[in-house]
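K.L.:
Here it is, the structure, as structure tokens.
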Amino acid sequence: MMRSLKISAEMTRPKKNLLNKNQSHFMDLNLSNVVYSKHDLKRKIKIPTKLTPMLAEDLGFHIGDGCMIGYQRKDTGGMRYQFNYSGNLNKDFDYFQNKLLPRKKKLYNLDLKVKIHTTENSIYVSYYSRVLYDFFLALDIPSGKKTKVSLPEIIKKSPKRIKAAFIRGLAAADFCVCVKNRSNGIYPSIKFVTASKILCKDVCKILQEFRIPLTRYEEFKIDKRFKQPTTTYCLDINGRKRLNLWMQRIGFSDKRNLISVTKFSRARRDLNP
């Protein structure tokens, strides 16, 4: 079952928000509420002092693909603060190796490696940090499940350059470009799927600011693993003109979606030499 809504182009966090009203070219961040652990200090982990496009993309990708959780250790009783990112070996390795890891190094001075599960055809990146856990919480990034995650307020209040970078990061995780064959020719579609109704609405509003027409809808399915009904919240951006608008105003930074865009462009040239 599916409900859809077409939208035209006209159309309690535990930490204090980090937005500083004294803004320069990029927003300054108030770092007074974050805490470094001894492990953080030993590894010389740093946190950004300004909201830049690189940080915005990292936040977007984390909301799409990442997970962070704080939990008590059974052996010592102390707290651990863990970050995890996972993906498909064939589709996502390039982004993890050439985008995610260099970005984590530049932003936070993290030295990370992509670990591979060949039997499951999957990859993952994992690390621990108290200061980055506090930092992300203060930026409205939730711990644990993200079924009610929303667009961080600091992103909503940012200029378009920051919003576009955030959406690019989210797109690297949760958007896909499909090329469909129709009787009147090939037809591209950008699709976004999330378990969070709030996030779907927030992303819709951002894309409206960029005047990118879309269709928003809900899909109701039975989860095959648990045999329970589930609802996902979706956005579709359909057609060549809308794809062009996306590439001009948002763009992709991941190879997986860029390859799909290139395939569509080549196929269209072959049909219209």
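Here, A, B, ... name the chains of the structure tokens in the order displayed, residue numbers run from 1 inside each chain, and ligands are numbered from 1 in the same displayed order.
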Could you produce a table of the residues of segment 184-245 of chain A lying within 8 Å of segment 149-169 of chain A, with the nearest pair of atoms per residue and their separation in Å rounded to one decimal, using only C-alpha atoms, ordered by chain and increasing residue number, as a Markdown table?
P.N.:
| residue | atom | partner | partner_atom | distance |
| --- | --- | --- | --- | --- |
| A:Ser196 | CA | A:Val149 | CA | 6.1 |
| A:Ile198 | CA | A:Ser150 | CA | 5.4 |
| A:Leu199 | CA | A:Ser150 | CA | 4.4 |
| A:Asp202 | CA | A:Leu151 | CA | 6.0 |
| A:Val203 | CA | A:Leu151 | CA | 7.4 |
| A:Ile206 | CA | A:Lys163 | CA | 7.4 |
K.L.:
So that I can check the surroundings of Gly239 of chain A, please list as a list in words every protein, DNA and RNA residue that reaches within 6 Å of it, counting only C-alpha atoms and ignoring chain neighbours fewer than 3 positions away.
P.N.:
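Near neighbours after the sequence-gap exclusion: Tyr187, Pro188 and Arg242 of chain A.
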K.L.:
Just want the 12 Å neighbourhood of Lys91 of chain A, counted on only C-alpha atoms, with same-chain residues fewer than 4 positions away dropped. Output as an mmCIF file with N, CA and C atoms, in the first residue's frame.
P.N.:
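Produced file out-v8.cif, reproduced below:
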data_model
loop_
_atom_site.group_PDB
_atom_site.id
_atom_site.type_symbol
_atom_site.label_atom_id
_atom_site.label_comp_id
_atom_site.auth_asym_id
_atom_site.auth_seq_id
_atom_site.Cartn_x
_atom_site.Cartn_y
_atom_site.Cartn_z
ATOM 1 N N SER A 86 28.407 1.157 8.318
ATOM 2 C CA SER A 86 28.468 -0.089 7.559
ATOM 3 C C SER A 86 27.925 0.138 6.154
ATOM 4 N N GLY A 87 28.360 -0.704 5.235
ATOM 5 C CA GLY A 87 27.912 -0.560 3.855
ATOM 6 C C GLY A 87 28.161 -1.820 3.049
ATOM 7 N N TYR A 95 33.494 5.076 -1.420
ATOM 8 C CA TYR A 95 33.149 6.231 -0.590
ATOM 9 C C TYR A 95 33.790 6.114 0.781
ATOM 10 N N PHE A 96 33.746 4.945 1.383
ATOM 11 C CA PHE A 96 34.340 4.757 2.704
ATOM 12 C C PHE A 96 35.844 5.040 2.659
ATOM 13 N N GLN A 97 36.523 4.455 1.663
ATOM 14 C CA GLN A 97 37.980 4.544 1.608
ATOM 15 C C GLN A 97 38.464 5.926 1.183
ATOM 16 N N ASN A 121 29.776 -9.821 2.190
ATOM 17 C CA ASN A 121 29.884 -8.782 1.162
ATOM 18 C C ASN A 121 29.626 -7.395 1.753
ATOM 19 N N SER A 122 30.164 -7.167 2.952
ATOM 20 C CA SER A 122 29.901 -5.914 3.654
ATOM 21 C C SER A 122 31.189 -5.308 4.193
ATOM 22 N N ILE A 123 31.116 -4.031 4.518
ATOM 23 C CA ILE A 123 32.239 -3.310 5.101
ATOM 24 C C ILE A 123 31.753 -2.524 6.309
ATOM 25 N N ALA A 172 24.738 10.076 -0.026
ATOM 26 C CA ALA A 172 25.740 9.013 -0.150
ATOM 27 C C ALA A 172 25.335 7.769 0.625
ATOM 28 N N ALA A 173 24.487 7.957 1.636
ATOM 29 C CA ALA A 173 24.033 6.833 2.456
ATOM 30 C C ALA A 173 22.680 6.298 2.023
ATOM 31 N N CYS A 176 19.437 6.844 -3.915
ATOM 32 C CA CYS A 176 19.953 6.059 -5.031
ATOM 33 C C CYS A 176 19.367 6.580 -6.336
ATOM 34 N N ASP A 254 29.367 10.638 -3.989
ATOM 35 C CA ASP A 254 29.688 9.209 -3.929
ATOM 36 C C ASP A 254 29.713 8.610 -5.323
ATOM 37 N N LYS A 255 30.657 7.705 -5.531
ATOM 38 C CA LYS A 255 30.874 7.095 -6.846
ATOM 39 C C LYS A 255 29.675 6.277 -7.295
ATOM 40 N N ARG A 256 28.997 5.611 -6.353
ATOM 41 C CA ARG A 256 27.860 4.756 -6.692
ATOM 42 C C ARG A 256 26.788 5.528 -7.452
ATOM 43 N N ASN A 257 26.377 6.679 -6.937
ATOM 44 C CA ASN A 257 25.340 7.466 -7.602
ATOM 45 C C ASN A 257 25.877 8.206 -8.826
ATOM 46 N N LEU A 258 27.116 8.629 -8.783
ATOM 47 C CA LEU A 258 27.698 9.312 -9.935
ATOM 48 C C LEU A 258 27.795 8.379 -11.141
ATOM 49 N N ILE A 259 28.091 7.106 -10.889
ATOM 50 C CA ILE A 259 28.142 6.131 -11.985
ATOM 51 C C ILE A 259 26.770 5.976 -12.617
ATOM 52 N N SER A 260 25.723 5.955 -11.794
ATOM 53 C CA SER A 260 24.366 5.831 -12.323
ATOM 54 C C SER A 260 23.979 7.041 -13.164
#
K.L.:
Atom CA of Cys67 of chain A and atom CA of Asp140 of chain A are how many Å apart?
P.N.:
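Atom CA of Asp140 of chain A lies at a distance of 13.4 Å from atom CA of Cys67 of chain A.
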K.L.:
Work out how far apart atom CA of Thr230 of chain A and atom CA of Thr194 of chain A are and give it in Å to one decimal.
P.N.:
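Atom CA of Thr194 of chain A lies 11.4 Å from atom CA of Thr230 of chain A.
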K.L.:
Using only C-alpha atoms, pick whichever of A:Asn244, A:Thr118, A:Thr232, A:Gln82 has the shortest atom-to-atom distance to Val261 of chain A.
P.N.:
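Using only C-alpha atoms, Val261 of chain A sits closest to A:Asn244.
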K.L.:
Would you please work out which residue, of A:Leu89, A:Tyr128, A:Arg73, A:Phe135, is nearest to Asn30 of chain A when using only C-alpha atoms?
P.N.:
A:Phe135
K.L.:
Would you list the contacts of His39 of chain A as a short mmCIF file (atom, residue, chain, number, x, y, z; two decimals) with C-alpha atoms, in the first residue's frame, taking every protein, DNA or RNA residue within 9 Å and counting only C-alpha atoms, but skipping same-chain residues closer than 5 positions in sequence?
P.N.:
data_model
loop_
_atom_site.label_atom_id
_atom_site.label_comp_id
_atom_site.auth_asym_id
_atom_site.auth_seq_id
_atom_site.Cartn_x
_atom_site.Cartn_y
_atom_site.Cartn_z
CA LYS A 44 44.91 13.73 19.96
CA ILE A 45 41.34 13.78 18.73
CA TYR A 128 35.26 5.01 20.21
CA SER A 129 35.32 8.61 21.45
CA ARG A 130 33.67 10.41 24.37
#
K.L.:
Which residue, A:Asn88, A:Ser143, A:Ser189, A:Asn98, has the smallest gap to Thr119 of chain A when you use only C-alpha atoms?
P.N.:
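The shortest atom-to-atom distance to Thr119 of chain A comes from A:Asn88.
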K.L.:
Could you give me, as a tab-separated table (two decimals) with N, CA and C atoms, in the first residue's frame, the residues within 12 Å of Asp40 of chain A, counting only C-alpha atoms and dropping anything in the same chain fewer than 2 positions from it?
P.N.:
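Output file out.tsv is given in full below:
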chain	number	residue	atom	x	y	z
A	34	VAL	N	31.56	20.01	25.68
A	34	VAL	CA	32.07	18.69	25.31
A	34	VAL	C	33.21	18.30	26.25
A	35	VAL	N	33.35	16.99	26.46
A	35	VAL	CA	34.32	16.47	27.43
A	35	VAL	C	35.27	15.50	26.74
A	36	TYR	N	36.58	15.73	26.91
A	36	TYR	CA	37.59	14.81	26.40
A	36	TYR	C	37.89	13.73	27.43
A	37	SER	N	37.91	12.49	26.99
A	37	SER	CA	38.37	11.40	27.85
A	37	SER	C	39.90	11.31	27.75
A	38	LYS	N	40.50	10.53	28.64
A	38	LYS	CA	41.95	10.33	28.57
A	38	LYS	C	42.32	9.67	27.25
A	42	LYS	N	44.90	11.12	24.46
A	42	LYS	CA	46.03	10.31	24.03
A	42	LYS	C	46.10	10.20	22.52
A	43	ARG	N	44.93	10.08	21.90
A	43	ARG	CA	44.87	9.94	20.44
A	43	ARG	C	44.88	11.30	19.72
A	44	LYS	N	44.88	12.36	20.49
A	44	LYS	CA	44.91	13.73	19.96
A	44	LYS	C	43.71	14.02	19.05
A	45	ILE	N	42.55	13.52	19.49
A	45	ILE	CA	41.34	13.78	18.73
A	45	ILE	C	40.97	15.25	18.87
A	46	LYS	N	40.54	15.84	17.77
A	46	LYS	CA	40.13	17.24	17.77
A	46	LYS	C	38.68	17.34	17.33
A	47	ILE	N	38.05	18.45	17.61
A	47	ILE	CA	36.69	18.68	17.13
A	47	ILE	C	36.67	20.02	16.39
A	80	ARG	N	31.46	3.43	27.56
A	80	ARG	CA	32.10	3.44	26.26
A	80	ARG	C	31.18	4.15	25.28
A	81	TYR	N	31.79	4.86	24.35
A	81	TYR	CA	31.03	5.66	23.39
A	81	TYR	C	31.46	5.24	21.98
A	108	TYR	N	38.56	15.30	12.55
A	108	TYR	CA	38.71	14.88	13.94
A	108	TYR	C	40.07	14.27	14.27
A	109	ASN	N	40.96	14.20	13.28
A	109	ASN	CA	42.27	13.56	13.45
A	109	ASN	C	42.14	12.09	13.81
A	110	LEU	N	41.16	11.43	13.22
A	110	LEU	CA	40.97	10.00	13.44
A	110	LEU	C	41.70	9.19	12.38
A	127	TYR	N	34.77	3.07	15.75
A	127	TYR	CA	35.72	3.73	16.65
A	127	TYR	C	34.99	4.18	17.92
A	128	TYR	N	35.79	4.57	18.92
A	128	TYR	CA	35.26	5.01	20.21
A	128	TYR	C	35.78	6.41	20.52
A	129	SER	N	34.90	7.27	21.04
A	129	SER	CA	35.32	8.61	21.45
A	129	SER	C	34.24	9.27	22.30
A	130	ARG	N	34.61	9.68	23.50
A	130	ARG	CA	33.67	10.41	24.37
A	130	ARG	C	33.43	11.82	23.84
A	131	VAL	N	34.49	12.50	23.41
A	131	VAL	CA	34.33	13.89	23.01
A	131	VAL	C	33.50	14.00	21.74
A	132	LEU	N	33.68	13.06	20.79
A	132	LEU	CA	32.88	13.11	19.57
A	132	LEU	C	31.43	12.71	19.83
A	133	TYR	N	31.21	11.84	20.80
A	133	TYR	CA	29.85	11.49	21.21
A	133	TYR	C	29.15	12.73	21.76
A	134	ASP	N	29.82	13.46	22.66
A	134	ASP	CA	29.25	14.70	23.19
A	134	ASP	C	29.02	15.72	22.08
K.L.:
Could you tell me how far atom CA of Cys234 of chain A lies from atom CA of Val114 of chain A, in Å and to one decimal?
P.N.:
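One can read the atom CA of Cys234 of chain A to atom CA of Val114 of chain A distance as 29.4 Å.
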K.L.:
List every residue of segment 118-154 of chain A that DSSP, applied to the backbone, labels as alpha helix (DSSP H), and write the result as a list in words.
P.N.:
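For segment 118-154 of chain A, the alpha helix (DSSP H) set is Arg130, Val131, Leu132, Tyr133, Asp134, Phe135, Phe136, Leu137, Ala138, Glu153 and Ile154 of chain A.
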K.L.:
When distances are computed from only C-alpha atoms, which of A:Asp58, A:Glu120, A:Asp223, A:Asp236 shows the smallest separation from Lys105 of chain A?
P.N.:
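Looking at the shortest contact to Lys105 of chain A, the residue is A:Asp58.
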K.L.:
Could you write out, as a ChimeraX atom specification, all the residues of segment 19-255 of chain A that DSSP marks as strand (DSSP E)?
P.N.:
/A:27-28,50-51,66-72,79-88,115-117,122-128,175-182,185-194,214-223,228-238
K.L.:
Identify which of the residues A:Ile222, A:Leu41, A:Met68, A:Leu235 lies closest to Gly144 of chain A, counting only C-alpha atoms when measuring atom-to-atom distances.
P.N.:
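Comparing A:Ile222, A:Leu41, A:Met68, A:Leu235 against Gly144 of chain A, the winner is A:Met68.
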K.L.:
Just want the 10 Å neighbourhood of Lys191 of chain A, counted on only C-alpha atoms, with same-chain residues fewer than 5 positions away dropped. Output as a ChimeraX atom specification.
P.N.:
/A:171,174-178,214-216,234-238
